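Peer 1: Please find start.txt (compact mmCIF, C-alpha atoms) on the next line:
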# COMPACT_ATOMS: atom_id res chain seq x y z
CA MET Z 1 129.28 87.20 109.95
CA ALA Z 2 125.96 87.40 111.61
CA THR Z 3 124.76 90.82 112.66
CA THR Z 4 121.57 90.87 114.64
CA ALA Z 5 119.25 93.74 115.35
CA THR Z 6 116.75 93.40 118.17
CA LEU Z 7 113.84 95.71 118.73
CA THR Z 8 112.08 95.78 122.06
CA LEU Z 9 108.95 97.91 122.32
CA THR Z 10 107.39 98.12 125.74
CA SER Z 11 104.69 100.10 127.42
CA SER Z 12 102.64 99.32 130.45
CA ASP Z 13 100.11 102.06 129.90
CA ILE Z 14 99.72 103.15 126.27
CA ALA Z 15 96.93 100.62 125.89
CA GLY Z 16 94.61 98.74 128.19
CA ASP Z 17 96.97 95.80 128.14
CA PRO Z 18 100.73 96.05 128.18
CA VAL Z 19 102.64 96.30 124.92
CA ASN Z 20 105.64 94.05 124.79
CA VAL Z 21 107.11 93.43 121.37
CA SER Z 22 110.52 91.88 120.95
CA LYS Z 23 111.84 91.03 117.50
CA THR Z 24 115.28 90.03 116.33
CA THR Z 25 116.42 89.96 112.75
CA THR Z 26 119.64 88.70 111.34
CA CYS Z 27 120.83 91.13 108.71
CA THR Z 28 121.25 89.21 105.50
CA LYS Z 29 121.99 89.93 101.90
CA ALA Z 30 119.04 90.39 99.58
CA GLY Z 31 116.83 87.39 99.09
CA GLY Z 32 119.03 84.88 100.83
CA THR Z 33 120.45 83.75 104.11
CA ILE Z 34 123.99 84.99 103.64
CA ASP Z 35 124.89 87.54 106.26
CA LEU Z 36 125.57 91.15 105.46
CA ASP Z 37 129.31 91.55 105.57
CA GLN Z 38 130.08 95.24 105.27
CA SER Z 39 129.56 98.27 107.46
CA THR Z 40 130.55 101.89 107.52
CA GLY Z 41 131.08 101.52 111.24
CA MET Z 42 129.60 103.96 113.69
CA ASN Z 43 129.86 107.60 112.71
CA ARG Z 44 129.19 110.72 114.71
CA ILE Z 45 128.58 114.21 113.42
CA LEU Z 46 127.55 117.50 114.96
CA LEU Z 47 124.79 118.82 112.77
CA ARG Z 48 124.22 122.54 112.43
CA GLU Z 49 122.79 122.77 108.95
CA THR Z 50 119.10 123.57 108.80
CA THR Z 51 118.86 122.49 105.18
CA ASN Z 52 119.23 118.94 103.92
CA LYS Z 53 122.76 117.59 103.92
CA LEU Z 54 123.92 114.30 102.53
CA LEU Z 55 124.28 111.54 105.09
CA LEU Z 56 124.45 108.48 102.86
CA GLY Z 57 124.75 108.70 99.11
CA ALA Z 58 122.87 106.13 97.07
CA THR Z 59 124.87 104.19 94.55
CA ALA Z 60 123.56 102.40 91.50
CA GLY Z 61 125.59 99.43 92.66
CA GLY Z 62 123.28 99.12 95.62
CA ASN Z 63 120.16 98.52 93.54
CA ASP Z 64 118.31 95.39 94.57
CA LEU Z 65 120.78 94.78 97.34
CA SER Z 66 120.22 94.79 101.06
CA ALA Z 67 121.18 97.71 103.26
CA LYS Z 68 120.17 98.73 106.76
CA VAL Z 69 120.52 102.19 108.22
CA TYR Z 70 120.77 103.00 111.90
CA LEU Z 71 120.47 106.64 112.91
CA ILE Z 72 120.05 108.27 116.30
CA ASN Z 73 119.63 111.83 117.51
CA LYS Z 74 121.87 112.08 120.57
CA ALA Z 75 120.60 115.46 121.69
CA THR Z 76 119.10 115.68 125.15
CA ASP Z 77 117.05 118.83 124.64
CA PRO Z 78 113.60 117.56 123.59
CA THR Z 79 113.10 120.48 121.21
CA GLN Z 80 116.13 119.55 119.10
CA TYR Z 81 115.14 117.38 116.19
CA VAL Z 82 116.61 116.18 112.94
CA THR Z 83 114.59 115.83 109.76
CA VAL Z 84 115.43 112.71 107.76
CA THR Z 85 114.69 112.52 104.06
CA ILE Z 86 115.08 110.05 101.25
CA ASN Z 87 115.07 111.22 97.67
CA ALA Z 88 114.40 114.70 99.10
CA GLN Z 89 111.16 113.47 100.60
CA THR Z 90 110.69 113.61 104.35
CA ILE Z 91 110.42 110.33 106.18
CA GLY Z 92 110.13 111.82 109.63
CA LYS Z 93 111.71 113.74 112.43
CA LEU Z 94 114.01 112.25 114.99
CA TYR Z 95 113.57 114.03 118.29
CA ALA Z 96 116.13 114.00 121.07
CA GLY Z 97 117.04 110.43 121.89
CA ASP Z 98 114.98 108.94 119.06
CA TRP Z 99 116.52 106.34 116.79
CA MET Z 100 115.53 104.63 113.58
CA PHE Z 101 116.53 101.41 111.90
CA PHE Z 102 115.25 100.80 108.42
CA PRO Z 103 116.01 99.10 105.13
CA TRP Z 104 117.34 101.31 102.39
CA SER Z 105 116.72 100.71 98.74
CA GLN Z 106 119.17 102.58 96.64
CA THR Z 107 116.61 102.76 93.87
CA ASP Z 108 118.69 105.20 91.93
CA THR Z 109 121.33 107.77 92.63
CA SER Z 110 118.61 110.16 93.80
CA ALA Z 111 117.70 107.95 96.74
CA ASP Z 112 120.17 109.66 99.04
CA ILE Z 113 119.57 109.78 102.75
CA GLU Z 114 119.80 113.36 103.91
CA VAL Z 115 119.47 115.02 107.28
CA ALA Z 116 118.81 118.54 108.47
CA ALA Z 117 119.10 120.03 111.92
CA THR Z 118 115.83 121.81 111.34
CA SER Z 119 115.54 123.08 114.88
CA TYR Z 120 119.15 124.22 115.17
CA THR Z 121 119.81 127.45 116.96
CA THR Z 122 123.09 128.96 117.98
CA ALA Z 123 121.94 128.97 121.57
CA GLY Z 124 120.87 125.35 121.45
CA GLY Z 125 124.06 124.23 119.81
CA ALA Z 126 124.80 121.55 117.26
CA ILE Z 127 122.75 118.40 117.25
CA PRO Z 128 124.87 115.27 117.63
CA ILE Z 129 123.78 112.34 115.54
CA GLU Z 130 125.27 108.91 115.15
CA TYR Z 131 124.71 106.55 112.28
CA CYS Z 132 125.84 103.28 110.81
CA LEU Z 133 125.14 101.50 107.56
CA PHE Z 134 125.18 97.74 107.11
CA HIS Z 135 125.30 96.81 103.46
CA GLU Z 136 126.41 94.42 100.76
CA ASP Z 137 127.23 96.69 97.81
CA SER Z 138 130.91 97.29 97.33
CA ILE Z 139 130.74 100.70 95.66
CA ARG Z 140 130.60 102.66 98.84
CA LEU Z 141 134.07 103.97 99.50
CA ALA Z 142 132.78 107.51 99.64
CA ASP Z 143 130.88 106.68 102.79
CA ALA Z 144 133.48 104.47 104.38
CA MET O 1 101.00 110.19 130.21
CA ALA O 2 102.02 106.85 128.82
CA THR O 3 105.57 105.62 128.90
CA THR O 4 106.62 103.72 125.82
CA THR O 5 110.18 102.60 125.31
CA ALA O 6 111.85 101.46 122.13
CA THR O 7 115.14 99.67 122.56
CA LEU O 8 117.52 98.64 119.83
CA THR O 9 120.31 96.14 120.31
CA LEU O 10 122.83 95.68 117.53
CA ALA O 11 125.27 92.83 117.93
CA SER O 12 127.85 90.99 115.91
CA THR O 13 130.82 88.97 116.93
CA ASP O 14 132.37 88.71 113.51
CA LEU O 15 131.29 91.54 111.23
CA LEU O 16 134.27 93.55 112.39
CA SER O 17 137.54 92.55 113.92
CA ASP O 18 136.14 93.75 117.22
CA ALA O 19 132.79 92.73 118.54
CA LEU O 20 129.86 94.99 117.89
CA SER O 21 127.56 95.38 120.83
CA MET O 22 125.33 98.38 121.14
CA THR O 23 122.10 99.06 122.94
CA THR O 24 120.11 102.25 122.89
CA SER O 25 116.71 103.11 124.29
CA ALA O 26 114.33 105.89 123.43
CA THR O 27 111.32 106.95 125.42
CA LEU O 28 108.75 107.94 122.85
CA THR O 29 107.49 111.45 123.41
CA THR O 30 105.35 113.93 121.57
CA ALA O 31 107.10 116.40 119.31
CA GLY O 32 109.49 118.65 121.12
CA THR O 33 108.40 117.68 124.62
CA SER O 34 109.08 115.18 127.37
CA THR O 35 105.46 114.04 127.35
CA GLY O 36 104.92 110.44 126.36
CA VAL O 37 102.91 109.61 123.27
CA THR O 38 99.51 108.27 124.18
CA GLN O 39 98.04 106.72 121.06
CA THR O 40 98.69 103.58 119.09
CA THR O 41 97.02 101.52 116.44
CA GLY O 42 98.02 98.45 118.39
CA LEU O 43 99.90 95.56 116.96
CA GLY O 44 98.31 94.37 113.74
CA ARG O 45 98.88 92.09 110.79
CA LYS O 46 98.15 92.59 107.12
CA THR O 47 98.13 89.66 104.74
CA THR O 48 98.41 90.41 101.04
CA THR O 49 97.34 88.05 98.30
CA PHE O 50 97.06 88.71 94.58
CA SER O 51 95.78 86.75 91.63
CA GLY O 52 98.58 84.74 90.13
CA SER O 53 98.22 86.28 86.70
CA GLY O 54 97.71 89.91 87.67
CA ALA O 55 100.06 92.67 88.60
CA ILE O 56 100.99 93.08 92.22
CA ASP O 57 99.60 96.34 93.47
CA THR O 58 100.69 98.44 96.37
CA VAL O 59 98.56 98.37 99.50
CA VAL O 60 97.88 101.39 101.70
CA LEU O 61 99.07 100.74 105.22
CA PHE O 62 98.77 104.17 106.85
CA ARG O 63 97.16 107.31 105.47
CA ALA O 64 98.87 110.49 106.61
CA ASP O 65 95.60 112.40 106.76
CA ASP O 66 94.48 110.18 109.61
CA TYR O 67 97.32 111.29 111.87
CA THR O 68 99.02 114.38 113.18
CA ALA O 69 101.28 115.97 110.62
CA ASP O 70 104.82 116.55 111.84
CA GLY O 71 104.05 114.66 115.00
CA ALA O 72 106.57 112.39 116.65
CA ASN O 73 104.91 109.33 115.14
CA LYS O 74 106.77 106.01 114.97
CA ILE O 75 106.16 103.06 112.71
CA TYR O 76 107.10 99.47 113.38
CA LEU O 77 106.97 96.97 110.50
CA LYS O 78 108.02 93.36 110.24
CA ASN O 79 107.93 90.92 107.38
CA THR O 80 106.81 87.68 109.00
CA SER O 81 107.74 85.52 106.02
CA THR O 82 110.26 82.77 106.52
CA THR O 83 111.02 82.42 102.82
CA ALA O 84 114.25 84.31 102.31
CA ALA O 85 113.40 85.60 98.85
CA GLU O 86 110.08 87.13 99.88
CA PHE O 87 110.14 90.81 100.67
CA PHE O 88 107.84 93.75 101.23
CA THR O 89 108.82 97.03 99.63
CA VAL O 90 107.97 100.02 101.78
CA PHE O 91 107.05 103.28 100.07
CA LEU O 92 106.16 106.84 100.87
CA THR O 93 103.70 108.43 98.51
CA GLY O 94 105.05 111.49 96.82
CA ASP O 95 105.83 113.12 93.57
CA ARG O 96 109.08 111.37 92.80
CA ALA O 97 109.38 109.14 89.77
CA THR O 98 111.45 106.39 91.30
CA ASP O 99 110.66 103.87 88.65
CA VAL O 100 114.18 103.30 87.40
CA HIS O 101 114.45 100.46 89.86
CA GLY O 102 112.10 98.42 87.77
CA ASN O 103 109.22 98.91 90.13
CA ALA O 104 107.35 101.09 87.67
CA ASP O 105 105.88 102.99 90.56
CA PRO O 106 106.20 106.65 89.70
CA GLY O 107 104.61 108.73 92.40
CA LEU O 108 106.05 106.60 95.14
CA THR O 109 109.35 106.92 96.92
CA GLU O 110 110.82 103.61 97.85
CA ILE O 111 112.33 103.52 101.32
CA GLY O 112 113.52 99.97 101.33
CA ARG O 113 112.81 96.28 101.24
CA LEU O 114 111.97 94.19 104.25
CA TYR O 115 113.18 90.70 103.60
CA ALA O 116 111.95 87.65 105.47
CA GLY O 117 112.20 88.30 109.18
CA ASP O 118 113.35 91.89 108.77
CA TRP O 119 111.82 94.64 110.82
CA ALA O 120 111.97 98.42 110.65
CA PHE O 121 111.32 101.18 113.12
CA PHE O 122 111.29 104.76 111.95
CA PRO O 123 109.72 108.16 112.55
CA TRP O 124 106.91 109.27 110.30
CA ASN O 125 106.00 112.87 109.66
CA ALA O 126 102.55 112.03 108.25
CA THR O 127 102.26 115.05 106.01
CA GLY O 128 98.96 114.64 104.27
CA GLY O 129 97.80 116.33 101.13
CA THR O 130 95.46 119.26 100.72
CA LYS O 131 91.87 118.20 101.09
CA GLU O 132 89.49 119.11 98.29
CA ALA O 133 86.66 121.37 99.40
CA PHE O 134 83.51 122.64 97.75
CA THR O 135 80.25 124.25 98.71
CA VAL O 136 76.68 123.40 97.84
CA THR O 137 74.30 126.35 98.01
CA ILE O 138 70.65 125.44 98.41
CA ALA O 139 68.63 128.08 96.63
CA ASN O 140 65.35 128.95 94.96
CA THR O 141 62.25 126.84 95.62
CA TRP O 142 62.61 123.41 97.18
CA ALA O 143 59.78 121.21 98.42
CA ALA O 144 59.47 118.33 100.83
CA GLY O 145 60.49 115.16 98.99
CA ASP O 146 63.12 116.84 96.79
CA THR O 147 66.45 115.08 96.92
CA PHE O 148 70.16 115.74 97.11
CA VAL O 149 72.40 112.83 96.15
CA PHE O 150 76.16 112.71 96.64
CA ASP O 151 78.80 110.14 97.47
CA GLY O 152 76.23 107.38 97.51
CA VAL O 153 74.08 109.18 100.07
CA THR O 154 70.55 110.41 99.34
CA VAL O 155 69.04 113.20 101.40
CA VAL O 156 65.28 113.71 101.10
CA ALA O 157 64.07 117.18 102.03
CA ALA O 158 61.72 117.09 105.01
CA ASP O 159 60.32 120.51 104.27
CA SER O 160 60.77 123.46 101.98
CA THR O 161 62.93 125.66 104.18
CA LEU O 162 66.30 126.12 102.53
CA ASN O 163 68.30 126.33 105.74
CA ASN O 164 66.62 123.18 107.03
CA ILE O 165 67.46 121.29 103.85
CA ALA O 166 71.06 122.45 104.10
CA ALA O 167 71.11 121.28 107.70
CA GLN O 168 69.78 117.88 106.60
CA ILE O 169 72.52 117.61 104.01
CA ASP O 170 75.09 118.52 106.64
CA ALA O 171 73.71 115.98 109.10
CA ALA O 172 74.11 113.10 106.66
CA GLN O 173 77.30 111.04 106.90
CA TYR O 174 79.36 110.69 103.73
CA PRO O 175 81.96 107.97 103.23
CA ASN O 176 84.58 110.26 101.73
CA TRP O 177 83.65 113.71 102.98
CA VAL O 178 82.96 115.68 106.12
CA THR O 179 80.63 118.66 106.14
CA SER O 180 79.74 121.86 107.88
CA VAL O 181 76.86 124.25 107.27
CA SER O 182 76.20 127.94 107.42
CA SER O 183 72.65 129.06 106.62
CA ALA O 184 71.87 127.43 103.26
CA VAL O 185 75.47 126.71 102.29
CA VAL O 186 76.99 123.31 103.00
CA THR O 187 80.75 122.92 102.84
CA PHE O 188 82.18 119.53 101.94
CA VAL O 189 85.81 118.67 102.73
CA SER O 190 87.34 115.42 101.53
CA ARG O 191 88.57 113.07 104.21
CA TYR O 192 91.86 112.55 102.36
CA GLY O 193 94.06 114.72 100.22
CA ASN O 194 93.41 113.91 96.61
CA ALA O 195 94.48 115.68 93.44
CA GLY O 196 92.20 113.72 91.18
CA ILE O 197 88.73 114.89 92.16
CA GLU O 198 86.69 117.85 91.04
CA ILE O 199 83.07 117.84 92.10
CA ASP O 200 80.30 119.41 90.05
CA THR O 201 76.52 119.07 89.79
CA SER O 202 76.83 115.84 87.85
CA GLU O 203 78.11 114.24 91.06
CA ALA O 204 76.35 116.34 93.69
CA VAL O 205 72.87 116.11 92.22
CA SER O 206 69.90 118.13 93.35
CA THR O 207 66.53 116.96 92.02
CA THR O 208 63.62 119.23 92.75
CA ALA O 209 60.03 119.57 91.62
CA GLY O 210 60.38 123.32 91.25
CA ASP O 211 63.33 125.52 90.40
CA GLY O 212 65.38 124.54 93.42
CA THR O 213 69.12 124.38 92.91
CA GLY O 214 72.19 123.13 94.69
CA ALA O 215 74.96 125.06 93.03
CA VAL O 216 78.42 123.55 93.49
CA ALA O 217 81.54 125.69 93.80
CA THR O 218 85.05 124.40 94.40
CA THR O 219 86.73 126.34 97.18
CA VAL O 220 89.94 124.35 97.60
CA SER O 221 91.67 122.17 95.02
CA GLY O 222 93.11 119.06 96.59
CA THR O 223 96.59 117.67 96.33
CA ARG O 224 97.83 114.18 97.01
CA SER O 225 99.39 113.16 100.26
CA VAL O 226 103.16 113.05 100.25
CA ALA O 227 103.57 110.72 103.17
CA ASP O 228 101.14 107.83 103.04
CA ILE O 229 102.82 104.52 103.79
CA TYR O 230 102.33 101.91 101.09
CA ILE O 231 103.62 98.38 101.00
CA LYS O 232 104.06 95.96 98.13
CA PRO O 233 104.71 92.24 98.47
CA SER O 234 107.18 90.56 96.18
CA VAL O 235 104.97 87.57 95.39
CA HIS O 236 101.33 86.95 94.57
CA THR O 237 100.90 84.32 97.25
CA ALA O 238 100.06 85.26 100.78
CA MET O 239 102.55 87.35 102.70
CA THR O 240 101.97 88.89 106.10
CA LEU O 241 103.29 92.15 107.43
CA GLU O 242 103.15 92.93 111.12
CA HIS O 243 102.74 96.59 111.95
CA MET O 244 102.16 99.11 114.67
CA LEU O 245 101.93 102.87 114.67
CA ILE O 246 102.59 104.86 117.81
CA HIS O 247 101.40 108.39 117.30
CA GLU O 248 100.32 111.71 118.72
Let me see the file written as structure tokens.
Peer 2:
Amino acid sequence: MATTATLTLTSSDIAGDPVNVSKTTTCTKAGGTIDLDQSTGMNRILLRETTNKLLLGATAGGNDLSAKVYLINKATDPTQYVTVTINAQTIGKLYAGDWMFFPWSQTDTSADIEVAATSYTTAGGAIPIEYCLFHEDSIRLADA
Amino acid sequence: MATTTATLTLASTDLLSDALSMTTSATLTTAGTSTGVTQTTGLGRKTTTFSGSGAIDTVVLFRADDYTADGANKIYLKNTSTTAAEFFTVFLTGDRATDVHGNADPGLTEIGRLYAGDWAFFPWNATGGTKEAFTVTIANTWAAGDTFVFDGVTVVAADSTLNNIAAQIDAAQYPNWVTSVSSAVVTFVSRYGNAGIEIDTSEAVSTTAGDGTGAVATTVSGTRSVADIYIKPSVHTAMTLEHMLIHE
């Protein structure tokens, strides 16, 4: 059940020589070579809340297990961004079109992934985001 | 304006009953604009090694105070190990006590573990801490040859004029502080947010032949950064993390 994630980073002009990084990882369970075998599937929400809202709830059953989060801000207005936090601490802001792919340790039940449409305005409209979790813990029906 | 593109391809033929095939690209821009980011640390590698009998410490990878807070910064990390059980844990500094995981790392927020071959790409808000600040006021009678010692730097007064001595102190370069001067008052600001420092005249030492003084007064109490990126290898033996920061 191999799931692969490939990152390609390219720039011809951010440095004196071109940047061209291409890396592929096969998403495996923690500490082994067995493939991750569960996923929430792709989800899409229209975010209007300017305060943190739960995106993925950490479960104690996920401790020490492997999980990968994919999240993208599908807005096209460059001023519309989403703030992403873990354990109520800000990781960063996803601006329009930005995506992130990162491992998620469910260190405890406080290690939730939350998002906020910090720049939301009525005029600008809701910010569409899409996300998917690849994981191995089985106690995740709430997010399925 | 530089054009930097980050593309993600997710693929699986058998995770689901239908094939998963998704590609998305982002052109990396500065916060809230369509202008491309123009700065990068370049692609680098960090190898960690620890004594076999000691504890494995965290290692600072990026300090938030070195970069633009709330900028559209992006971090790329990859664990280059080929041993499946070897992982790097990636942390944000902060005030959370996330030690229930067995990491015993209160003060750090664990983001996740990069197992062998895993990579991550994520935005980073780089919110640094408050930088400690204090003033040194050069006063009374100083003479040529009197000294001011701080942060491992010794300044020897070239003459007896207070403003000149203050200017000399300001002109010196300190490993952990930056300075500015106004008349006979020198202001020191720490390079990094830090809650654990409080400078007084036992650290900023003025030694004069007469009654010259260098009174120290704290003007800003520092706080720790809440967004430095730390990493921690899972084994004492050498592990290498590949990294790059693209930033404003």
Peer 1: Report as JSON, numbers by chain the set of chain O residues whose atoms approach chain Z to within 7 Å, with distances computed over all atoms listed in the file.
Peer 2: {"O": [2, 3, 4, 5, 6, 7, 8, 9, 10, 11, 12, 14, 15, 26, 31, 32, 33, 34, 38, 39, 72, 84, 85, 86, 98, 100, 101, 110, 111, 112, 113, 114, 115, 117, 118, 119, 120, 121, 122, 123, 124, 125]}
Peer 1: To one decimal in Å, tell me the separation between atom CA of Phe91 of chain O and atom CA of Arg224 of chain O.
Peer 2: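 We find that atom CA of Phe91 of chain O and atom CA of Arg224 of chain O lie 14.6 Å from each other.
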Peer 1: Please, what distance in Å, to one decimal, runs between atom CA of Thr208 of chain O and atom CA of Thr135 of chain O?
Peer 2: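 These atoms are spaced 18.4 Å apart.
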Peer 1: Of the candidates O:Asn176, O:Ile246, O:Thr147, O:Lys232, which shows the shortest atom-to-atom distance to Thr27 of chain O, using all atoms listed in the file?
Peer 2: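 Closest to Thr27 of chain O of all the choices is O:Ile246.
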Peer 1: Mind pulling up the distance from atom CA of Ile231 of chain O to atom CA of Thr82 of chain O?
Peer 2: 17.8 Å
Peer 1: If we count only C-alpha atoms, what is near Pro128 of chain Z at a cut-off of 8 Å, once residues fewer than 6 positions away on the same chain are taken out, given as a list in words?
Peer 2: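 The filter keeps Arg44, Ile45, Leu46, Leu47, Asn73, Lys74 and Ala75 of chain Z.
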Peer 1: Mind working out the centre and edge lengths of an axis-aligned box for segment 90-97 of chain Z, all listed atoms inside, 6 Å added to each side, rounded to one decimal in Å and written as AutoDock Vina command-line options?
Peer 2:
--center_x 113.6 --center_y 112.2 --center_z 113.1 --size_x 18.9 --size_y 15.7 --size_z 29.5
Peer 1: So, with only C-alpha atoms as the atoms that count, which of O:Thr93, O:Ser81, O:Ser53, O:Ser206 lies closest to Trp142 of chain O?
Peer 2: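 Going through O:Thr93, O:Ser81, O:Ser53, O:Ser206 one by one, the smallest distance to Trp142 of chain O is for O:Ser206.
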Peer 1: Any idea what's packed within 9 Å of Phe188 of chain O, counting only C-alpha atoms, ignoring anything in its chain fewer than 4 positions away? Could you give it as an MDAnalysis selection string?
Peer 2: chainID O and resid 132:136 170 177:181
Peer 1: Find the residues near Thr51 of chain Z: any atom within 9 Å, counting only C-alpha atoms, skip ones fewer than 5 places away on the same chain, and give them as a count of residues only.
Peer 2: 4
